[in-house]
Structures are given as C-alpha cells and as structure tokens.
file input_37.txt (compact mmCIF, C-alpha atoms)
# COMPACT_ATOMS: atom_id res chain seq x y z
CA MET A 153 -21.64 -0.51 -12.41
CA THR A 154 -18.21 1.05 -11.88
CA ILE A 155 -18.97 1.40 -8.20
CA LEU A 156 -19.94 -2.27 -7.96
CA TYR A 157 -16.69 -3.37 -9.65
CA ALA A 158 -14.70 -1.15 -7.28
CA LEU A 159 -16.51 -2.65 -4.27
CA ILE A 160 -15.85 -6.22 -5.49
CA VAL A 161 -12.17 -5.42 -6.06
CA GLY A 162 -12.00 -3.87 -2.58
CA VAL A 163 -13.54 -6.90 -0.85
CA ALA A 164 -11.19 -9.28 -2.69
CA MET A 165 -8.18 -7.09 -1.97
CA GLY A 166 -9.11 -6.79 1.71
CA ALA A 167 -9.50 -10.56 2.06
CA LEU A 168 -6.18 -11.23 0.29
CA ILE A 169 -4.34 -8.68 2.48
CA GLN A 170 -5.82 -10.27 5.60
CA ARG A 171 -4.94 -13.82 4.51
CA VAL A 172 -1.33 -13.03 3.59
CA ARG A 173 -0.98 -11.23 6.95
CA ALA A 174 -0.11 -7.87 5.36
CA SER A 175 -2.60 -6.27 7.78
CA SER A 176 -0.46 -7.49 10.68
CA PRO A 177 1.87 -4.65 11.74
CA ALA A 178 4.26 -7.20 13.30
CA MET A 179 4.52 -8.99 9.95
CA ILE A 180 5.21 -5.68 8.16
CA ALA A 181 7.95 -4.85 10.71
CA GLN A 182 9.54 -8.28 10.14
CA ASN A 183 9.53 -7.69 6.39
CA LEU A 184 11.08 -4.22 6.71
CA ARG A 185 13.76 -5.65 9.03
CA LEU A 186 14.35 -8.21 6.23
CA GLU A 187 13.78 -11.12 8.60
CA ASN A 188 10.80 -12.51 6.68
CA LEU A 189 10.20 -11.50 3.05
CA SER A 190 6.75 -13.03 2.50
CA ILE A 191 4.88 -9.70 2.09
CA ILE A 192 7.55 -8.22 -0.18
CA LYS A 193 7.42 -11.37 -2.32
CA PHE A 194 3.59 -11.27 -2.30
CA MET A 195 3.71 -7.69 -3.62
CA ALA A 196 6.31 -8.53 -6.29
CA THR A 197 4.22 -11.51 -7.45
CA THR A 198 1.10 -9.32 -7.63
CA ILE A 199 2.93 -6.71 -9.72
CA ALA A 200 4.46 -9.32 -12.07
CA VAL A 201 1.15 -11.12 -12.74
CA GLY A 202 -0.73 -7.80 -13.01
CA ALA A 203 1.75 -6.19 -15.41
CA ILE A 204 1.83 -9.18 -17.77
CA LEU A 205 -1.98 -9.47 -17.74
CA VAL A 206 -2.84 -5.79 -18.27
CA TYR A 207 -0.44 -5.29 -21.16
CA LEU A 208 -1.51 -8.55 -22.84
CA LEU A 209 -5.18 -7.58 -22.39
CA ASN A 210 -4.34 -4.14 -23.77
CA LEU A 211 -3.54 -5.79 -27.11
CA VAL A 212 -7.16 -6.90 -27.51
CA THR A 213 -9.24 -4.41 -25.48
CA PRO A 214 -8.86 -0.81 -24.23
CA MET A 215 -7.71 -0.61 -20.59
CA HIS A 216 -8.41 2.06 -17.96
CA PHE A 217 -4.76 2.98 -17.43
CA ASP A 218 -3.98 5.92 -15.18
CA ILE A 219 -0.25 6.64 -15.03
CA LYS A 220 0.73 8.96 -12.15
CA PRO A 221 3.05 11.89 -13.01
CA THR A 222 6.76 11.51 -12.21
CA TYR A 223 7.63 14.71 -10.31
CA VAL A 224 10.90 13.27 -9.06
CA VAL A 225 11.54 15.43 -5.95
CA GLY A 226 8.01 15.21 -4.54
CA VAL A 227 7.54 11.51 -5.32
CA LEU A 228 10.87 10.57 -3.71
CA LEU A 229 10.35 12.83 -0.68
CA GLY A 230 6.84 11.46 -0.20
CA GLY A 231 8.21 7.92 -0.36
CA LEU A 232 10.89 8.72 2.24
CA VAL A 233 8.30 10.18 4.65
CA PHE A 234 5.98 7.23 3.96
CA GLY A 235 8.75 4.72 4.75
CA VAL A 236 9.30 6.16 8.23
CA GLY A 237 5.58 5.98 9.02
CA PHE A 238 5.27 2.50 7.48
CA ALA A 239 8.05 1.17 9.74
CA LEU A 240 6.84 3.00 12.86
CA GLY A 241 3.16 2.04 12.62
CA GLY A 242 3.37 -1.16 10.57
CA TYR A 243 0.39 -0.08 8.48
CA CYS A 244 -0.13 1.50 5.07
CA PRO A 245 -3.27 3.53 4.21
CA GLY A 246 -5.07 0.42 2.92
CA THR A 247 -3.89 -2.26 5.35
CA CYS A 248 -5.07 -0.25 8.38
CA VAL A 249 -8.59 -0.25 6.92
CA VAL A 250 -8.35 -4.05 6.52
CA GLY A 251 -7.02 -4.26 10.09
CA ALA A 252 -9.97 -2.19 11.31
CA GLY A 253 -12.30 -4.68 9.60
CA GLU A 254 -10.55 -7.47 11.49
CA GLY A 255 -11.08 -5.58 14.75
CA ARG A 256 -7.48 -4.52 15.44
CA LYS A 257 -7.59 -1.57 17.86
CA ASP A 258 -4.28 -0.03 16.74
CA ALA A 259 -5.62 0.03 13.15
CA PHE A 260 -8.26 2.57 14.24
CA TRP A 261 -5.47 4.73 15.70
CA SER A 262 -3.62 4.50 12.39
CA ILE A 263 -6.74 5.58 10.45
CA GLY A 264 -7.16 8.49 12.90
CA GLY A 265 -3.55 9.55 12.33
CA GLY A 266 -4.12 9.26 8.59
CA VAL A 267 -7.22 11.48 8.65
CA LEU A 268 -5.28 14.09 10.67
CA GLY A 269 -2.37 13.77 8.22
CA ALA A 270 -4.75 14.38 5.31
CA LEU A 271 -6.24 17.42 7.08
CA VAL A 272 -2.82 18.98 7.78
CA PHE A 273 -1.79 18.18 4.19
CA THR A 274 -4.76 20.06 2.72
CA LEU A 275 -3.94 23.08 4.89
CA VAL A 276 -0.25 23.29 3.89
CA PHE A 277 -0.72 22.14 0.28
CA ASP A 278 -0.69 25.53 -1.42
CA ALA A 279 2.29 26.90 0.47
CA LEU A 280 4.56 23.85 0.73
CA ILE A 281 3.51 21.11 -1.67
CA THR A 282 2.65 22.93 -4.91
CA PRO A 283 6.31 23.97 -5.49
CA LEU A 284 7.47 20.36 -4.89
CA VAL A 285 5.00 18.98 -7.38
CA LYS A 286 6.29 21.34 -10.07
CA MET A 287 9.97 20.44 -9.48
CA ALA A 288 11.55 18.05 -12.03
CA ASP A 289 8.16 16.96 -13.38
CA TYR A 290 8.57 14.52 -16.28
CA GLY A 291 4.81 13.95 -16.61
CA ARG A 292 2.99 10.64 -16.97
CA ILE A 293 5.89 8.49 -18.18
CA THR A 294 6.34 4.71 -18.13
CA LEU A 295 9.41 2.48 -18.31
CA ALA A 296 8.42 1.72 -21.90
CA ASP A 297 8.67 5.46 -22.77
CA VAL A 298 12.09 5.71 -21.13
CA LEU A 299 13.45 2.57 -22.80
CA HIS A 300 11.76 3.28 -26.18
CA LEU A 301 10.45 -0.28 -26.27
CA PRO A 302 6.94 -1.69 -26.75
CA ALA A 303 5.05 -1.74 -23.44
CA VAL A 304 4.00 -5.38 -23.72
CA GLY A 305 7.64 -6.42 -24.07
CA VAL A 306 8.71 -4.35 -21.07
CA ALA A 307 5.81 -5.80 -19.02
CA LEU A 308 6.84 -9.38 -19.89
CA GLY A 309 10.48 -8.57 -19.06
CA LEU A 310 9.67 -6.86 -15.76
CA GLY A 311 7.24 -9.62 -14.83
CA ALA A 312 9.85 -12.31 -15.53
CA LEU A 313 12.49 -10.35 -13.59
CA PHE A 314 10.24 -9.90 -10.54
CA LEU A 315 9.18 -13.56 -10.56
CA GLY A 316 12.82 -14.61 -10.89
CA ILE A 317 13.86 -12.48 -7.90
CA VAL A 318 10.93 -13.81 -5.88
CA TYR A 319 11.91 -17.39 -6.74
CA VAL A 320 15.57 -16.91 -5.75
CA LEU A 321 15.06 -14.96 -2.50
CA PRO A 322 14.41 -16.89 0.72
CA THR A 323 11.12 -16.24 2.56
CA ASP A 324 12.26 -16.90 6.11
CA VAL A 325 15.65 -15.22 6.03
CA LYS A 326 16.71 -16.26 9.53
CA LYS A 327 16.20 -19.97 8.81
CA LYS A 328 18.29 -19.94 5.68
CA THR A 329 21.33 -18.28 7.24
CA MET B 56 9.67 -9.42 22.61
CA ALA B 57 6.64 -11.37 23.64
CA GLN B 58 3.96 -11.15 21.01
CA PRO B 59 4.84 -12.03 17.40
CA ALA B 60 6.44 -15.42 17.02
CA ALA B 61 3.87 -18.10 16.28
CA HIS B 62 3.39 -17.39 12.60
CA ALA B 63 6.91 -17.19 11.17
CA ALA B 64 7.19 -20.86 10.30
CA SER B 65 3.87 -21.12 8.48
CA ASP B 66 4.99 -21.24 4.86
CA VAL B 67 8.42 -22.69 5.45
CA ALA B 68 7.03 -25.78 7.13
CA GLN B 69 5.12 -26.81 4.03
CA GLY B 70 8.18 -27.97 2.14
CA SER B 71 9.29 -27.23 -1.39
CA THR B 72 6.71 -29.27 -3.28
CA ARG B 73 3.79 -26.97 -2.41
CA ILE B 74 3.37 -23.44 -3.67
CA PRO B 75 3.64 -21.10 -0.65
CA PRO B 76 0.49 -19.14 0.35
CA TRP B 77 2.01 -15.73 -0.46
CA ALA B 78 2.65 -16.86 -4.07
CA ILE B 79 -0.95 -18.09 -4.55
CA LEU B 80 -2.42 -14.98 -2.88
CA GLY B 81 -0.07 -12.72 -4.87
CA GLY B 82 -1.10 -14.39 -8.13
CA ILE B 83 -4.79 -13.91 -7.30
CA PHE B 84 -4.14 -10.27 -6.32
CA GLY B 85 -2.41 -9.77 -9.69
CA VAL B 86 -5.57 -11.01 -11.47
CA VAL B 87 -7.77 -8.78 -9.23
CA SER B 88 -5.54 -5.77 -9.93
CA ALA B 89 -5.73 -6.43 -13.71
CA PHE B 90 -9.54 -6.85 -13.46
CA SER B 91 -9.66 -3.44 -11.77
CA ILE B 92 -7.74 -1.74 -14.60
CA LEU B 93 -9.92 -3.59 -17.14
CA THR B 94 -13.23 -2.51 -15.58
CA TRP B 95 -12.71 0.96 -14.05
CA GLY B 96 -9.16 1.91 -13.16
CA PRO B 97 -6.08 1.11 -11.06
CA ILE B 98 -6.51 0.45 -7.33
CA GLY B 99 -5.61 3.33 -5.02
CA VAL B 100 -6.41 4.11 -1.40
CA SER B 101 -4.70 7.22 0.00
CA GLY B 102 -6.73 9.80 -2.01
CA THR B 103 -9.84 8.75 -0.10
CA TYR B 104 -8.41 10.27 3.12
CA PRO B 105 -8.44 13.91 1.89
CA ARG B 106 -11.81 13.29 0.17
CA PHE B 107 -13.15 12.12 3.54
CA VAL B 108 -11.67 15.21 5.23
CA GLY B 109 -13.26 17.36 2.50
CA ALA B 110 -16.68 15.76 3.03
CA ILE B 111 -16.53 16.60 6.76
CA LEU B 112 -15.20 20.13 6.24
CA ARG B 113 -17.95 20.88 3.73
CA ARG B 114 -20.44 20.26 6.53
CA LEU B 115 -18.55 22.05 9.29
CA ASP B 116 -17.08 25.00 7.40
CA PRO B 117 -18.26 25.18 3.78
CA ALA B 118 -16.36 28.43 3.10
CA LEU B 119 -13.02 26.92 4.13
CA ALA B 120 -13.70 23.72 2.17
CA THR B 121 -14.65 25.40 -1.09
CA GLY B 122 -11.73 27.83 -0.79
CA ASN B 123 -9.18 25.02 -0.43
CA PRO B 124 -7.61 24.25 -3.84
CA TYR B 125 -6.49 20.73 -2.87
CA LEU B 126 -9.91 19.62 -1.63
CA GLU B 127 -11.42 21.05 -4.81
CA THR B 128 -9.10 19.03 -7.09
CA MET B 129 -9.67 15.82 -5.09
CA GLY B 130 -13.45 16.18 -5.42
CA SER B 131 -16.25 14.47 -3.52
CA LEU B 132 -16.48 10.99 -2.03
CA ILE B 133 -18.74 9.83 -4.85
CA LYS B 134 -15.91 8.00 -6.60
CA PRO B 135 -15.09 4.31 -7.20
CA GLU B 136 -12.06 4.58 -4.86
CA THR B 137 -14.38 5.25 -1.89
CA PHE B 138 -16.15 1.97 -2.53
CA LEU B 139 -12.81 0.21 -2.90
CA VAL B 140 -11.89 1.39 0.61
CA LEU B 141 -15.30 0.32 1.92
CA GLY B 142 -14.60 -3.08 0.32
CA LEU B 143 -11.27 -3.33 2.20
CA LEU B 144 -13.14 -2.97 5.49
CA ILE B 145 -15.68 -5.65 4.49
CA GLY B 146 -12.99 -7.96 3.05
CA GLY B 147 -10.88 -7.72 6.21
CA PHE B 148 -13.92 -8.42 8.36
CA LEU B 149 -15.07 -11.45 6.32
CA ALA B 150 -11.63 -13.02 5.87
CA SER B 151 -10.89 -12.78 9.58
CA ARG B 152 -14.10 -14.64 10.40
CA ILE B 153 -14.15 -17.36 7.73
CA GLY B 154 -11.79 -20.33 7.70
CA PRO B 155 -8.68 -20.71 9.83
CA LYS B 156 -8.92 -18.02 12.44
CA ALA B 157 -5.99 -15.74 13.20
CA PRO B 158 -7.19 -13.76 16.20
CA ALA B 159 -6.73 -10.00 15.71
CA ARG B 160 -4.93 -9.01 18.87
CA THR B 161 -2.74 -5.97 19.36
CA GLU B 162 0.84 -6.89 18.45
CA PHE B 163 3.94 -5.11 19.72
CA ILE B 164 6.15 -4.67 16.68
CA HIS B 165 9.38 -3.06 17.97
CA THR B 166 11.44 -3.59 21.11
CA GLY B 167 10.42 -0.10 22.27
CA GLU B 168 6.70 -0.94 22.34
CA THR B 169 6.17 -2.21 25.87
CA THR B 170 2.58 -1.06 26.49
CA LYS B 171 -0.60 -0.85 24.42
CA GLY B 172 -0.43 2.92 24.80
CA LYS B 173 2.94 2.99 23.04
CA ARG B 174 1.59 0.74 20.24
CA TYR B 175 -1.39 3.07 19.70
CA ARG B 176 0.97 6.08 19.71
CA ASP B 177 3.20 4.48 17.05
CA ALA B 178 0.18 3.48 14.95
CA PHE B 179 -1.19 7.04 15.17
CA ILE B 180 2.07 8.83 14.27
CA GLY B 181 2.75 6.21 11.60
CA GLY B 182 -0.76 6.74 10.19
CA PHE B 183 -0.13 10.48 10.02
CA LEU B 184 3.19 10.04 8.17
CA ILE B 185 1.98 7.43 5.64
CA VAL B 186 -0.98 9.53 4.51
CA PHE B 187 1.00 12.80 4.54
CA GLY B 188 3.85 11.17 2.60
CA ALA B 189 1.49 9.45 0.18
CA ARG B 190 -0.27 12.72 -0.60
CA ILE B 191 3.07 14.48 -1.29
CA ALA B 192 3.91 11.68 -3.74
CA GLY B 193 0.37 11.37 -5.14
CA GLY B 194 -0.18 7.73 -4.14
CA CYS B 195 0.58 5.00 -1.61
CA THR B 196 1.44 1.30 -1.57
CA SER B 197 -1.58 0.45 -3.70
CA GLY B 198 -1.64 3.42 -6.09
CA HIS B 199 2.11 3.91 -6.62
CA ILE B 200 3.72 0.54 -5.85
CA ILE B 201 1.13 -2.13 -6.74
CA SER B 202 -0.88 -0.56 -9.56
CA GLY B 203 1.78 2.03 -10.44
CA ILE B 204 4.55 -0.47 -11.21
CA THR B 205 1.96 -2.84 -12.72
CA GLN B 206 1.36 -0.10 -15.32
CA LEU B 207 5.16 0.33 -15.63
CA SER B 208 5.04 3.89 -14.28
CA VAL B 209 8.41 5.47 -13.44
CA SER B 210 6.88 7.31 -10.45
CA GLY B 211 5.91 3.99 -8.81
CA LEU B 212 9.51 2.74 -8.95
CA ILE B 213 10.87 6.01 -7.47
CA PHE B 214 8.25 5.97 -4.69
CA ALA B 215 9.03 2.31 -3.86
CA ALA B 216 12.75 3.10 -3.66
CA GLY B 217 12.03 5.90 -1.18
CA VAL B 218 9.67 3.78 0.93
CA PHE B 219 12.05 0.84 1.29
CA ALA B 220 15.09 3.09 1.91
CA THR B 221 13.66 4.76 5.03
CA GLY B 222 11.33 1.86 5.86
CA ILE B 223 14.14 -0.71 6.24
CA MET B 224 16.41 1.78 8.05
CA THR B 225 13.70 2.90 10.50
CA ALA B 226 12.49 -0.64 11.23
CA LYS B 227 16.03 -1.83 12.02
CA LEU B 228 16.84 1.24 14.16
CA LEU B 229 13.62 0.96 16.17
CA HIS B 230 14.22 -2.69 16.93
CA LYS B 231 17.83 -2.46 18.05
CA GLY B 232 17.15 0.38 20.48
CA GLY B 233 15.74 -1.79 23.26
CA ARG B 234 17.48 -5.08 22.66
call {"tool": "encode", "arguments": {"input": "input_37.txt", "output": "structure tokens"}}
result
Amino acid sequence: MTILYALIVGVAMGALIQRVRASSPAMIAQNLRLENLSIIKFMATTIAVGAILVYLLNLVTPMHFDIKPTYVVGVLLGGLVFGVGFALGGYCPGTCVVGAGEGRKDAFWSIGGGVLGALVFTLVFDALITPLVKMADYGRITLADVLHLPAVGVALGLGALFLGIVYVLPTDVKKKT
Amino acid sequence: MAQPAAHAASDVAQGSTRIPPWAILGGIFGVVSAFSILTWGPIGVSGTYPRFVGAILRRLDPALATGNPYLETMGSLIKPETFLVLGLLIGGFLASRIGPKAPARTEFIHTGETTKGKRYRDAFIGGFLIVFGARIAGGCTSGHIISGITQLSVSGLIFAAGVFATGIMTAKLLHKGGR
C-alpha cells in the first residue's frame, strides 16, 4: 500500500512539475537569473500550503514526519555544490527524471551525470564525507525547537510569511521594471 | 539567444483577476506533499541515485558493494522513494502528452551554449554536481527544500540558502560571459 501511495504521489508530482515548466532547464535558468520568479514562487506556495496542512493534520492524526539532521557544514557545503550544478544544467535530481519522461534528450545526460555523481560519492564517502557529516551536527531539529514555540504556530507563521512574499514579488521581473 | 522566449508572457498576460498557474499548481503540490507525509513519508528523490548504483554494483561486484558502508546504509531499491521516482517519469510523460502541448525540445539555457553538444555537456556536469552535492547534504530540492522546510526543518533552510547563493551567482555569470 505504501508503494502505491508513493507511486501516486510521484505521478502527481511529475505532472505538476511538467505543467509549471520546472522541468524546463531554460525556465530554471531564468528563475536563477531572477528574470522570472514563477518556479521560485511555485515552490514557496507548495511549502506554505504543505506546512500549514501537515501541522494542522498532526493535531488530529499521527504523521510520518522525517526531519533530516542539521550538520551545518555538510548541509551548507552540499547546497553550495548543488547550486552550481543546478545553474549549469538547469535540472535537479527530480526534474531531470520528469524531463526524461517528456522526452528531453539533455535530461538523460543529466541523469547519467547524476548516476556517476552517486557512484563517485559512494567511493569517497568514508574518507571525505563522514568527517563533514559529524561537524557541527545539531541533530534532527526544527524551527519550532529553535524558537521554543508550538510547531503548529510556527507552521502557520511561516506559511503566512511565504504566501505574503509570493504575493508581493513580481513574477515577470523584467516587465515590472 | 535563440531558443527560450515564447513562454515568458504566459501567466502575466492573464491579468490580475485570475489566479496564475504557478499558484494553483503550487497549492495542489502542497496538498500532494501533505498527503505524502500523511500516508508514508516526505517526498525525496536524490537517495534513489546511490540505491540504483548499489543495485548495479551488487550484480557486477558483490564484494565491493557489500563492503561499502554508504551503500549499506542506503539499502536496496525496494523502498517507496524508488516508486516515487518511477512516478515522476510516468507523470512527466503523461502531462507532456495530455492537454496543451509544450513540445520537449532541447533548450539552450546560457549564452555559452551554442551547440547541442555543449547543452548535453552542461546537463551531464550539472547532473553530477546536483547529486554529489545533494548526497553531501543528505537531500535535494524535494527532500531538503520542499518537504524539509514543509516540516520546518532547520537543515532545509540552510540547504536552500546554499543552493540559491551559488545558483543565482553561477546562472548570472554563465549568461553574461557570451553576451
């Protein structure tokens, strides 16, 4: 049953990514150049709606939360490396799979690069990555833990903040200026 | 700059009375993401890459695969995340063939990309870096940014800050080079 739910979520997610044009590397490049903010605003809307829903649902039913550990040095360094690849290729690990489904040839090259990246990563993991993961590790913490506030309140606040930013920011930056 | 131009006006042209497509799609994705956490767990993609590598290595060189501590912790492909990734492939295929058709051609995304060969090269190197970076951090756009921040995780916010810092800088640098 779990597998079926995951498959349904994947199909929906893939269709949404395709429709919003997040699987278009040119669209990603425009967003990272801050010329068009539609994908960034799409992501912020997703996070806002998701955060409010999961923490409200959590009041009435147990949720399958899985908070990733905050090992500051490794998480930040990984993000910095990811950003360079994201801008260069215009794909992230999920959108290139969606792009492959659409029949984009460069998406297959991105998946190939990703598989090679994963292979190299597994080979250097013990020597290079294990020390990074242990550096400044604060464990599985949330904003609610840091702020010492109830999670549902923080979720509502963050959701409202994200939706507010999304509402204020222009989508087509070049047209507005 | 020849290729990407036709689509930029799409949601601006609709005027202020209608909700733009990205807002509707984002709202639906928020519900889908919450459904995922309700039924099995947060969405995440990048972990499937090393699991896929592990599945191949176990066939080619079982001794190397079982001796690798990272492949051992990531486990086999029999996980919900694998089916999520399979779903992405199916979803992308279906959505591109139903309704208004946006033909999936190869787009040049920076001024430096003048041939298809250069686009494939950038996609390949980019693919390497996103998966390598995501595995250092323990998640990617879906696991850290979308479902991470949805769950209010601090790591998701730090990862997002890193991604947009170098992402914006790199995208701007690559584009100015050839202009």
call {"tool": "closest_atom_pairs", "arguments": {"input": "input_37.txt", "of": "region 160-228 of chain B", "to": "region 123-142 of chain B", "cutoff": "12 Å", "atoms": "only C-alpha atoms", "output": "CSV"}}
result
residue,atom,partner,partner_atom,distance
B:Arg190,CA,B:Tyr125,CA,10.4
B:Ile191,CA,B:Tyr125,CA,11.5
B:Gly193,CA,B:Met129,CA,11.0
B:Ser197,CA,B:Val140,CA,11.2
B:Gly198,CA,B:Glu136,CA,10.6
call {"tool": "closest_residue", "arguments": {"input": "input_37.txt", "among": "B:Ser151, B:Thr121, B:Ser202, B:Thr166", "to": "Phe90 (chain B)", "atoms": "all atoms listed in the file"}}
result
B:Ser202
call {"tool": "closest_residue", "arguments": {"input": "input_37.txt", "among": "A:Met153, A:Leu189, A:Val227, A:Val298", "to": "chain B", "atoms": "only C-alpha atoms"}}
result
A:Val227
call {"tool": "residues_around", "arguments": {"input": "input_37.txt", "residues": "Gly226 (chain A)", "least_positions_apart": "4", "cutoff": "7 Å", "atoms": "all atoms listed in the file", "output": "JSON, numbers by chain"}}
result
{"A": [230, 284, 285], "B": [191, 192]}
call {"tool": "residues_around", "arguments": {"input": "input_37.txt", "residues": "Asp258 (chain A)", "least_positions_apart": "4", "cutoff": "7 Å", "atoms": "all atoms listed in the file", "output": "ChimeraX atom specification"}}
result
/A:262 /B:161,174-175,178
call {"tool": "atom_distance", "arguments": {"input": "input_37.txt", "atom1": "CA of Leu184 (chain B)", "atom2": "CA of Leu240 (chain A)"}}
result
9.2 Å
call {"tool": "atom_distance", "arguments": {"input": "input_37.txt", "atom1": "CA of Val86 (chain B)", "atom2": "CA of Leu168 (chain A)"}}
result
11.8 Å
call {"tool": "residues_near_point", "arguments": {"input": "input_37.txt", "point": "(1.2, -16.3, 0.3)", "cutoff": "10 Å", "atoms": "all atoms listed in the file", "output": "list in words"}}
result
Leu168, Ile169, Arg171, Val172, Arg173, Ala174, Ser190, Ile191, Lys193, Phe194, Met195 and Thr197 of chain A; Ser65, Asp66, Ile74, Pro75, Pro76, Trp77, Ala78, Ile79, Leu80, Gly81, Gly82 and Ile83 of chain B
